[in-house]
Amino acid sequence: MSDPRKTIDALRRTLGALDNDLIDELAAGRVDRRGFLRHGSMLGLSLPLLGGIASAFGVVAAPTPARAAGKPGGTIRVALTVPAGAIDPVTIADNGGLTMLLQGAEFLSVLQPDLTLKPVLAESWTHNADGSVWTFKLRSGVKFHSGGTLVADDVIASIDRLCNPKNASNALSAFKGILSPGNTKKIDDLTVEFHLDAPYGAFPYVVSSDNYNCVILPASYKGDFEHAWDGTGPFTLEKYTPKVGAAFVRNPDYWGAKALPDRTEFTFYADLQPQILALQGGQVDVIEQMQVSGGQAILNDPRFTVIREKGTGHEQVHMRCDTGPFTDKRVRRALALSLSRQKLVAGLFRNLAVVGNDSPFAPAFPMTDTSVPQRDQDIKQAKELMEAAGVGKGFAVTLTTERYIEIPDYAVLIKNFGKEIGIDITLNVESQDAYYGKAQFGQSDWLDSTLGITDYGNRGVPNVFLRAPLLSDGPWNGAHFRNKTYDTLVDQYGRSADLGGQRTLAKQIQELLLDETPIIFAYFYDYLVPVKKGLTGIPPIANRLFLDQASFA
Amino acid sequence: MTLFLLSVLVFAGGQLLPGDVGRSILGPLADQRAVAVLDHQLGVDRPLLAQYGDWIGHFVLGDMGMSYIYRAPVAPFIGTALVHSLKLGAVAFVIVVPLAILGGVVAALNVGRWLDRVITLTGLSATVVPEFVSGIVLILIFGVWLDVFPITATWPPDSGILTQVYYLILPSVPLVLVLFGYIARMARAGTVTALDADYTRTAVLKGLPYRTVIWRHVLRNALLPTIAVVATQAGYLIGGLVVVETLFHYQGIGGLIYAAAKSHDFPMLEAGVLTVGVIYVLAALGADLLTVRLNPRLRFGGAA
């Protein structure tokens, strides 16, 4: 047998600079197997190839526990938060609606538990040298429920519809500065080319399930999704009653492995509490998503398994850098140092979360530089910083935030921690509507408050977290943080498609944010999906409930 | 007139709520351009008077309009929810009214004694227990532990009337608890007054049997104020059950109005509130007619 290293050398000659850089990272031990597979898959290398390369460098997979293949049949009953409105792929913004959407419709690729992308309607993707043009090969023989075959025109129409400012597209901000309408070109029936506004290393994530509006619909779609519920997915709609529930049945013509359940049944609930009671009472088998606060009864109950999905969702505590008591970065650092992150994780999440280090680089992201020292509670240093900033006697400030899951409790804990270093915090907890207001500067408590807490959902790459809330012209920059060095670093980071380069930039960004601390990132929480014991096959993918391989043991 | 004023108030009140329709559909983080496009598509960027005029113009012709949020006609939503609410309200009503009147009258007949105290105190204590507390306790005891009642109020499709009533018993109990003390107190007060009245003394002194005195003279007079109270609660029983509907997972009109208000779905909100308004008016009218029926002094041209 030939030396695997020689084979790799031969292979490397055929790969681009970005791909070779990734292999260098692996060879140097700077990236683990998981990170290597994840990043390689984003660059468009196939998983078997990546696995082979990793093995050649002696980086083998941890043995995965053997999982019995589920048996077909049965009905899976799900409790779901009532969709906030009409099911419309273009406008949808809520969990309930999104879950409905992805039962029957599919994405080009799907974010996996390890944050890699699994090809779905796209078979593979590649990019040009600087990452400004991405070419996607589509799967052949995929049929829409309405009978048509998936071709490039469907993908082009679906993506163009979402990045066009003339439509009420909820994905508009995700495409802004990345892809403009009309720049998705057909090469042949099964190949499309995305010509980006600027090089963007993480582009495959922008058209994956990570950008949840991006389901692929027929080119002829006219905006009446609830009329036909068309898609390519493993289930087809049986019945949908707004505000009440829905049922889906197995799609016998599905292009991939057929769905195991005969049927899935969704019942809509206005609140988490009745969903928990329904699970306890045996009326549903799954709750689509549960928070630790409010879900204690289920966590302690041996009749249920809680699927734990490592997430990158978090709450951002912004401190205004342009006015008020937090203009001095030493004061911002002092408040960050007053928090005991371990206590927050234990108290708010029963340890079903990980601590954050005041940057969007969650430990789950492979480009996060974990050698950057973790910030921890240090009251002495915090008091010294307050003294040095001339506010040793403390000051009073109002913390404005939204009534949403654990945030009010988090606010109370921040108030208590702040008291220890002399910061007297008054809480102003509002409804979400009041807090977000018009979501524009000058008309939003979120963007105008001196100190505030805002929720951010799960993402497969940190790019959105790095840009909108922190760039000088970021539309969600409640901290009013303006730092040219940061802007340049993030711009370079966005263009960079190689993991080594991203990690180097990540380290610099992490250190800059620790020094400046415009936002406290104290934790990244897990997503929890409680299921009846014996129900298996639901992949632990945060915020996306896929039921096609679910079955009862 | 009342209903017209109500519609104006609801419309004006709706404008005071923070946020707008487009943003409540697209979420707080959506691009402002997309919100503007959606607001335009829905027509909510027009002047307020134009929006109201357009809506009321259709409403008086029997067209409740299209829901902004569900982008479907409002009427079927209101119809389904109203039927649900009427059923739940009816079950609760049938349980609580006889029970509370009986309790009040028994308490009055035993005024000052232990039975009176027990009934009055129990009624008052139950009234102050919020529905979300009594509801959860009831679900845990009867739905989860004893498993004798379903924990949701939504019956399976194609259920018969008895099954539907069975599903509605548990959700009715929190309402019974809230209303029992109130109605029983009115019944007790009315009965105590009537027992003290001259006509009762006359009836007793002229030798009528005790039962006849109570039925024909005391109750008939004692229950007049109670009827008015019951009528004012009918609106609450139909439109004010947001908590019970949420807890027992029931699609009633209270929850519909609450959700519409939260999401700025003005046509749905107006239609829901006006429907409940009509129920109030009808209940008051019904109570008036019943009072007239029971009180000959109010009849014109009757045998007074």
# chains A, B, ... in the order shown; residues from 1 in each chain; ligands from 1
$ residues_around --residues "Ile69 of chain B" --least-positions-apart "4" --cutoff "7 Å" --atoms "only C-alpha atoms" --output "PDB file with C-alpha atoms, in the first residue's frame"
ATOM      1  CA  GLY A  85     -48.557  34.252  11.604  1.00  0.00           C
ATOM      2  CA  ALA A  86     -49.032  32.960   8.112  1.00  0.00           C
TER       3      ALA A  86
ATOM      4  CA  ILE B  25     -44.271  39.696  11.597  1.00  0.00           C
ATOM      5  CA  ASP B 265     -53.450  42.464  14.035  1.00  0.00           C
TER       6      ASP B 265
END
$ select_by_dssp --residues "segment 60-271 of chain B" --states "helix (DSSP H, G or I)" --output "PyMOL selection string"
chain B and resi 74-109+114-127+131-145+161-196+198-205+210-239+242-247+253-262+266-271
$ interface_residues --of "chain A" --to "chain B" --cutoff "9 Å" --atoms "only C-alpha atoms" --output "short mmCIF file (atom, residue, chain, number, x, y, z; two decimals) with N, CA and C atoms, in the first residue's frame"
data_model
loop_
_atom_site.label_atom_id
_atom_site.label_comp_id
_atom_site.auth_asym_id
_atom_site.auth_seq_id
_atom_site.Cartn_x
_atom_site.Cartn_y
_atom_site.Cartn_z
N ALA A 84 -46.31 32.40 14.61
CA ALA A 84 -46.73 33.77 14.89
C ALA A 84 -47.63 34.34 13.82
N GLY A 85 -47.71 33.72 12.66
CA GLY A 85 -48.56 34.25 11.60
C GLY A 85 -48.64 33.27 10.46
N ALA A 86 -48.95 33.81 9.29
CA ALA A 86 -49.03 32.96 8.11
C ALA A 86 -47.67 32.30 7.86
N ILE A 87 -47.69 31.05 7.39
CA ILE A 87 -46.43 30.37 7.07
C ILE A 87 -45.99 30.88 5.69
N THR A 91 -41.17 35.80 4.85
CA THR A 91 -41.29 36.69 6.01
C THR A 91 -41.03 35.97 7.33
N ILE A 92 -41.02 34.67 7.35
CA ILE A 92 -41.06 33.96 8.62
C ILE A 92 -39.88 34.34 9.53
N ALA A 93 -40.17 34.49 10.83
CA ALA A 93 -39.12 34.91 11.76
C ALA A 93 -39.22 34.20 13.10
N ASP A 94 -40.19 33.31 13.25
CA ASP A 94 -40.40 32.71 14.57
C ASP A 94 -40.19 31.21 14.51
N PRO A 165 -34.50 43.74 -1.92
CA PRO A 165 -35.12 44.68 -0.98
C PRO A 165 -36.55 45.03 -1.34
N LYS A 166 -36.99 44.66 -2.55
CA LYS A 166 -38.36 44.97 -2.95
C LYS A 166 -39.36 44.00 -2.32
N ASN A 167 -38.84 42.89 -1.79
CA ASN A 167 -39.72 41.94 -1.12
C ASN A 167 -39.59 42.14 0.38
N ALA A 168 -40.63 41.76 1.10
CA ALA A 168 -40.57 41.89 2.56
C ALA A 168 -39.79 40.70 3.11
N SER A 169 -38.51 40.61 2.74
CA SER A 169 -37.74 39.43 3.09
C SER A 169 -37.08 39.57 4.45
N ASN A 170 -37.28 38.54 5.27
CA ASN A 170 -36.67 38.57 6.59
C ASN A 170 -35.18 38.24 6.52
N ALA A 171 -34.72 37.75 5.36
CA ALA A 171 -33.31 37.38 5.22
C ALA A 171 -32.49 38.54 4.66
N LEU A 172 -33.15 39.67 4.45
CA LEU A 172 -32.48 40.80 3.80
C LEU A 172 -31.20 41.21 4.52
N SER A 173 -31.28 41.30 5.86
CA SER A 173 -30.08 41.75 6.59
C SER A 173 -28.97 40.71 6.50
N ALA A 174 -29.34 39.42 6.37
CA ALA A 174 -28.30 38.38 6.27
C ALA A 174 -27.57 38.45 4.93
N PRO A 242 -54.55 26.95 11.01
CA PRO A 242 -53.86 28.04 11.71
C PRO A 242 -54.27 28.09 13.17
N LYS A 243 -53.34 28.33 14.03
CA LYS A 243 -53.52 28.47 15.48
C LYS A 243 -53.85 27.15 16.17
N VAL A 244 -54.06 26.08 15.45
CA VAL A 244 -54.48 24.82 16.08
C VAL A 244 -53.41 23.74 15.93
N PHE A 268 -50.29 23.15 18.38
CA PHE A 268 -49.74 24.46 18.71
C PHE A 268 -50.17 24.90 20.12
N TYR A 269 -49.22 25.46 20.86
CA TYR A 269 -49.50 25.96 22.20
C TYR A 269 -49.02 27.40 22.30
N ALA A 270 -49.71 28.18 23.13
CA ALA A 270 -49.35 29.59 23.26
C ALA A 270 -48.15 29.77 24.18
N ASP A 271 -47.86 28.76 25.01
CA ASP A 271 -46.91 28.95 26.08
C ASP A 271 -46.17 27.64 26.35
N GLN A 273 -45.64 26.28 29.40
CA GLN A 273 -46.23 25.53 30.52
C GLN A 273 -47.22 24.45 30.06
N PRO A 274 -48.20 24.79 29.23
CA PRO A 274 -49.11 23.73 28.77
C PRO A 274 -48.42 22.66 27.92
N GLN A 275 -47.31 23.02 27.27
CA GLN A 275 -46.58 22.00 26.49
C GLN A 275 -45.96 20.98 27.44
N LEU A 277 -47.06 20.25 30.45
CA LEU A 277 -48.16 19.45 30.98
C LEU A 277 -48.60 18.40 29.96
N ALA A 278 -48.62 18.77 28.69
CA ALA A 278 -49.04 17.83 27.65
C ALA A 278 -48.04 16.68 27.53
N GLN A 280 -46.09 15.62 30.02
CA GLN A 280 -46.28 14.83 31.24
C GLN A 280 -47.54 14.00 31.17
N GLY A 281 -48.58 14.55 30.56
CA GLY A 281 -49.85 13.85 30.47
C GLY A 281 -49.90 12.84 29.33
N GLY A 282 -48.78 12.71 28.56
CA GLY A 282 -48.72 11.70 27.51
C GLY A 282 -49.44 12.09 26.24
N GLN A 283 -49.76 13.38 26.08
CA GLN A 283 -50.49 13.76 24.87
C GLN A 283 -49.57 14.15 23.72
N GLN A 432 -41.13 42.78 24.87
CA GLN A 432 -40.20 42.76 23.73
C GLN A 432 -40.52 43.86 22.74
N ASP A 433 -41.81 44.11 22.52
CA ASP A 433 -42.20 45.17 21.59
C ASP A 433 -41.65 46.51 22.04
N ALA A 434 -41.81 46.80 23.33
CA ALA A 434 -41.37 48.09 23.85
C ALA A 434 -39.85 48.18 23.80
N TYR A 435 -39.15 47.08 24.10
CA TYR A 435 -37.69 47.12 24.14
C TYR A 435 -37.10 47.34 22.74
N TYR A 436 -37.56 46.58 21.77
CA TYR A 436 -37.00 46.71 20.42
C TYR A 436 -37.53 47.96 19.72
N GLY A 437 -38.73 48.40 20.08
CA GLY A 437 -39.31 49.60 19.49
C GLY A 437 -39.28 49.53 17.98
N LYS A 438 -38.84 50.59 17.34
CA LYS A 438 -38.78 50.60 15.88
C LYS A 438 -37.47 50.04 15.36
N ALA A 439 -36.63 49.56 16.28
CA ALA A 439 -35.36 48.91 15.92
C ALA A 439 -34.46 49.84 15.10
N GLN A 440 -34.60 51.13 15.35
CA GLN A 440 -33.71 52.09 14.70
C GLN A 440 -33.17 53.04 15.77
N PRO A 475 -26.02 47.91 12.25
CA PRO A 475 -27.40 48.34 12.52
C PRO A 475 -27.90 47.95 13.91
N TRP A 476 -27.22 47.01 14.59
CA TRP A 476 -27.68 46.59 15.92
C TRP A 476 -26.68 47.00 17.00
#
$ residues_around --residues "Leu195 of chain B" --least-positions-apart "4" --cutoff "12 Å" --atoms "only C-alpha atoms" --output "VMD selection string"
chain B and resid 105 108 to 111 187 to 191 199 to 204 210 213 to 222
$ residues_around --residues "Phe180 of chain B" --least-positions-apart "2" --cutoff "9 Å" --atoms "only C-alpha atoms" --output "PyMOL selection string"
chain B and resi 96-97+99-101+103+123-124+126-127+175-178+182-185
$ closest_residue --among "B:Ser7, B:Gly254, B:Ile227, B:Tyr167" --to "Ile56 of chain B" --atoms "only C-alpha atoms"
B:Ser7
$ residues_around --residues "Ile78 of chain B" --least-positions-apart "2" --cutoff "10 Å" --atoms "only C-alpha atoms" --output "JSON, numbers by chain"
{"B": [64, 73, 74, 75, 76, 80, 81, 82, 83, 84, 252, 253, 256, 257, 268, 269, 271, 272, 275]}
$ write_last_selection --atoms "N, CA and C atoms" --output "compact mmCIF listing (two decimals), in the first residue's frame"
# COMPACT_ATOMS: atom_id res chain seq x y z
N MET B 64 -65.67 41.34 8.02
CA MET B 64 -64.75 41.59 9.12
C MET B 64 -63.32 41.86 8.63
N PRO B 73 -59.14 35.62 5.83
CA PRO B 73 -60.30 36.31 6.40
C PRO B 73 -60.43 36.11 7.90
N VAL B 74 -60.86 37.16 8.59
CA VAL B 74 -60.96 37.13 10.04
C VAL B 74 -62.15 36.29 10.51
N ALA B 75 -63.27 36.37 9.75
CA ALA B 75 -64.53 35.79 10.23
C ALA B 75 -64.42 34.33 10.69
N PRO B 76 -63.79 33.43 9.91
CA PRO B 76 -63.73 32.04 10.38
C PRO B 76 -62.99 31.89 11.71
N THR B 80 -64.99 30.25 14.92
CA THR B 80 -64.53 29.06 15.63
C THR B 80 -64.27 29.38 17.09
N ALA B 81 -63.56 30.49 17.31
CA ALA B 81 -63.19 30.84 18.68
C ALA B 81 -64.44 31.14 19.51
N LEU B 82 -65.41 31.80 18.90
CA LEU B 82 -66.62 32.16 19.64
C LEU B 82 -67.39 30.90 20.04
N VAL B 83 -67.51 29.96 19.13
CA VAL B 83 -68.22 28.71 19.46
C VAL B 83 -67.51 28.01 20.62
N HIS B 84 -66.17 27.96 20.56
CA HIS B 84 -65.41 27.36 21.66
C HIS B 84 -65.69 28.07 22.98
N GLY B 252 -60.07 29.83 22.37
CA GLY B 252 -61.23 30.68 22.61
C GLY B 252 -61.00 32.10 22.13
N ILE B 253 -62.00 32.93 22.33
CA ILE B 253 -61.93 34.28 21.77
C ILE B 253 -61.03 35.19 22.63
N LEU B 256 -57.61 34.74 21.42
CA LEU B 256 -57.53 35.30 20.06
C LEU B 256 -57.32 36.81 20.13
N ILE B 257 -58.08 37.47 21.01
CA ILE B 257 -57.97 38.93 21.15
C ILE B 257 -56.59 39.30 21.69
N MET B 268 -58.36 41.68 13.29
CA MET B 268 -58.71 40.57 14.19
C MET B 268 -59.08 41.11 15.58
N LEU B 269 -58.30 42.09 16.06
CA LEU B 269 -58.53 42.67 17.37
C LEU B 269 -59.90 43.34 17.43
N ALA B 271 -62.55 42.90 15.47
CA ALA B 271 -63.64 41.94 15.33
C ALA B 271 -63.84 41.17 16.63
N GLY B 272 -62.73 40.78 17.27
CA GLY B 272 -62.82 40.03 18.52
C GLY B 272 -63.46 40.86 19.62
N THR B 275 -67.12 41.50 19.04
CA THR B 275 -67.92 40.29 19.28
C THR B 275 -68.19 40.15 20.78
$ residues_around --residues "Arg503 of chain A" --least-positions-apart "2" --cutoff "10 Å" --atoms "only C-alpha atoms" --output "PyMOL selection string"
chain A and resi 30-31+366-370+493+496+498-501+505-509
$ write_last_selection --atoms "N, CA and C atoms" --output "CSV table (one decimal), in the first residue's frame"
chain,number,residue,atom,x,y,z
A,30,ARG,N,-3.1,22.5,14.8
A,30,ARG,CA,-3.8,23.7,15.3
A,30,ARG,C,-5.3,23.6,15.1
A,31,VAL,N,-5.8,22.5,14.4
A,31,VAL,CA,-7.2,22.3,14.3
A,31,VAL,C,-7.5,20.8,14.6
A,366,PRO,N,-14.9,26.5,15.7
A,366,PRO,CA,-13.6,26.0,15.6
A,366,PRO,C,-12.5,27.1,15.4
A,367,MET,N,-12.9,28.3,14.9
A,367,MET,CA,-11.9,29.3,14.8
A,367,MET,C,-11.6,30.1,16.1
A,368,THR,N,-12.4,29.8,17.1
A,368,THR,CA,-12.2,30.5,18.4
A,368,THR,C,-10.8,30.1,18.9
A,369,ASP,N,-10.0,31.1,19.3
A,369,ASP,CA,-8.7,30.8,19.9
A,369,ASP,C,-8.9,30.6,21.4
A,370,THR,N,-8.8,29.4,21.8
A,370,THR,CA,-9.0,29.0,23.2
A,370,THR,C,-7.8,29.4,24.1
A,493,TYR,N,-11.5,39.3,8.5
A,493,TYR,CA,-12.1,38.0,8.9
A,493,TYR,C,-13.2,37.6,7.9
A,496,SER,N,-11.7,36.2,4.8
A,496,SER,CA,-10.9,35.1,4.9
A,496,SER,C,-11.7,33.8,4.9
A,498,ASP,N,-9.9,30.8,4.9
A,498,ASP,CA,-9.0,29.8,5.5
A,498,ASP,C,-9.0,29.8,7.0
A,499,LEU,N,-9.1,28.6,7.6
A,499,LEU,CA,-9.2,28.5,9.0
A,499,LEU,C,-8.1,29.1,9.8
A,500,GLY,N,-6.8,28.9,9.3
A,500,GLY,CA,-5.7,29.5,9.9
A,500,GLY,C,-5.7,31.0,10.0
A,501,GLY,N,-6.1,31.6,8.9
A,501,GLY,CA,-6.2,33.0,8.9
A,501,GLY,C,-7.3,33.5,9.8
A,505,LEU,N,-7.0,36.0,13.1
A,505,LEU,CA,-7.8,37.2,13.2
A,505,LEU,C,-8.7,37.1,14.5
A,506,ALA,N,-9.2,35.9,14.7
A,506,ALA,CA,-10.1,35.7,15.8
A,506,ALA,C,-9.4,36.0,17.1
A,507,LYS,N,-8.1,35.6,17.2
A,507,LYS,CA,-7.3,35.9,18.4
A,507,LYS,C,-7.2,37.4,18.6
A,508,GLN,N,-6.9,38.1,17.5
A,508,GLN,CA,-6.8,39.6,17.7
A,508,GLN,C,-8.1,40.2,18.0
A,509,ILE,N,-9.2,39.7,17.4
A,509,ILE,CA,-10.5,40.3,17.8
A,509,ILE,C,-10.9,40.0,19.2
$ closest_residue --among "A:Ala259, A:Leu279, A:Cys163, A:Ile520" --to "Phe304 of chain A" --atoms "only C-alpha atoms"
A:Leu279
$ closest_atom_pairs --of "segment 206-298 of chain A" --to "segment 101-122 of chain A" --cutoff "9 Å" --atoms "only C-alpha atoms" --output "JSON lines"
{"residue": "A:Val207", "atom": "CA", "partner": "A:Leu108", "partner_atom": "CA", "distance": 6.8}
{"residue": "A:Ser208", "atom": "CA", "partner": "A:Ser109", "partner_atom": "CA", "distance": 4.8}
{"residue": "A:Ser209", "atom": "CA", "partner": "A:Val110", "partner_atom": "CA", "distance": 4.9}
{"residue": "A:Asp210", "atom": "CA", "partner": "A:Leu111", "partner_atom": "CA", "distance": 6.2}
{"residue": "A:Tyr212", "atom": "CA", "partner": "A:Phe107", "partner_atom": "CA", "distance": 8.5}
{"residue": "A:Asn213", "atom": "CA", "partner": "A:Leu101", "partner_atom": "CA", "distance": 8.9}
{"residue": "A:Cys214", "atom": "CA", "partner": "A:Phe107", "partner_atom": "CA", "distance": 6.2}
{"residue": "A:Val215", "atom": "CA", "partner": "A:Phe107", "partner_atom": "CA", "distance": 4.7}
{"residue": "A:Ile216", "atom": "CA", "partner": "A:Phe107", "partner_atom": "CA", "distance": 5.9}
{"residue": "A:Leu217", "atom": "CA", "partner": "A:Ala105", "partner_atom": "CA", "distance": 7.4}
{"residue": "A:Trp229", "atom": "CA", "partner": "A:Gly104", "partner_atom": "CA", "distance": 7.2}
{"residue": "A:Asp230", "atom": "CA", "partner": "A:Ala105", "partner_atom": "CA", "distance": 6.9}
{"residue": "A:Gly231", "atom": "CA", "partner": "A:Ala105", "partner_atom": "CA", "distance": 4.1}
{"residue": "A:Thr232", "atom": "CA", "partner": "A:Ala105", "partner_atom": "CA", "distance": 5.4}
{"residue": "A:Gly233", "atom": "CA", "partner": "A:Gly104", "partner_atom": "CA", "distance": 4.5}
{"residue": "A:Pro234", "atom": "CA", "partner": "A:Gly104", "partner_atom": "CA", "distance": 6.5}
{"residue": "A:Phe235", "atom": "CA", "partner": "A:Gly104", "partner_atom": "CA", "distance": 5.1}
{"residue": "A:Thr236", "atom": "CA", "partner": "A:Gly104", "partner_atom": "CA", "distance": 5.6}
{"residue": "A:Leu237", "atom": "CA", "partner": "A:Gly104", "partner_atom": "CA", "distance": 7.0}
{"residue": "A:Phe248", "atom": "CA", "partner": "A:Gln103", "partner_atom": "CA", "distance": 7.8}
{"residue": "A:Asn251", "atom": "CA", "partner": "A:Gly104", "partner_atom": "CA", "distance": 8.9}
$ select_by_dssp --residues "segment 411-482 of chain A" --states "strand (DSSP E or B)" --output "MDAnalysis selection string"
chainID A and resid 423:430 451:456
$ closest_residue --among "A:Leu150, A:Val429, A:Ala396, A:Ala382" --to "Arg332 of chain A" --atoms "only C-alpha atoms"
A:Ala382
$ atom_distance --atom1 "atom CA of Glu315 of chain A" --atom2 "atom CA of Thr454 of chain A"
5.4 Å
$ closest_residue --among "B:Leu290, B:Ala283, B:Val21, B:Leu170" --to "Ile141 of chain B" --atoms "only C-alpha atoms"
B:Leu170
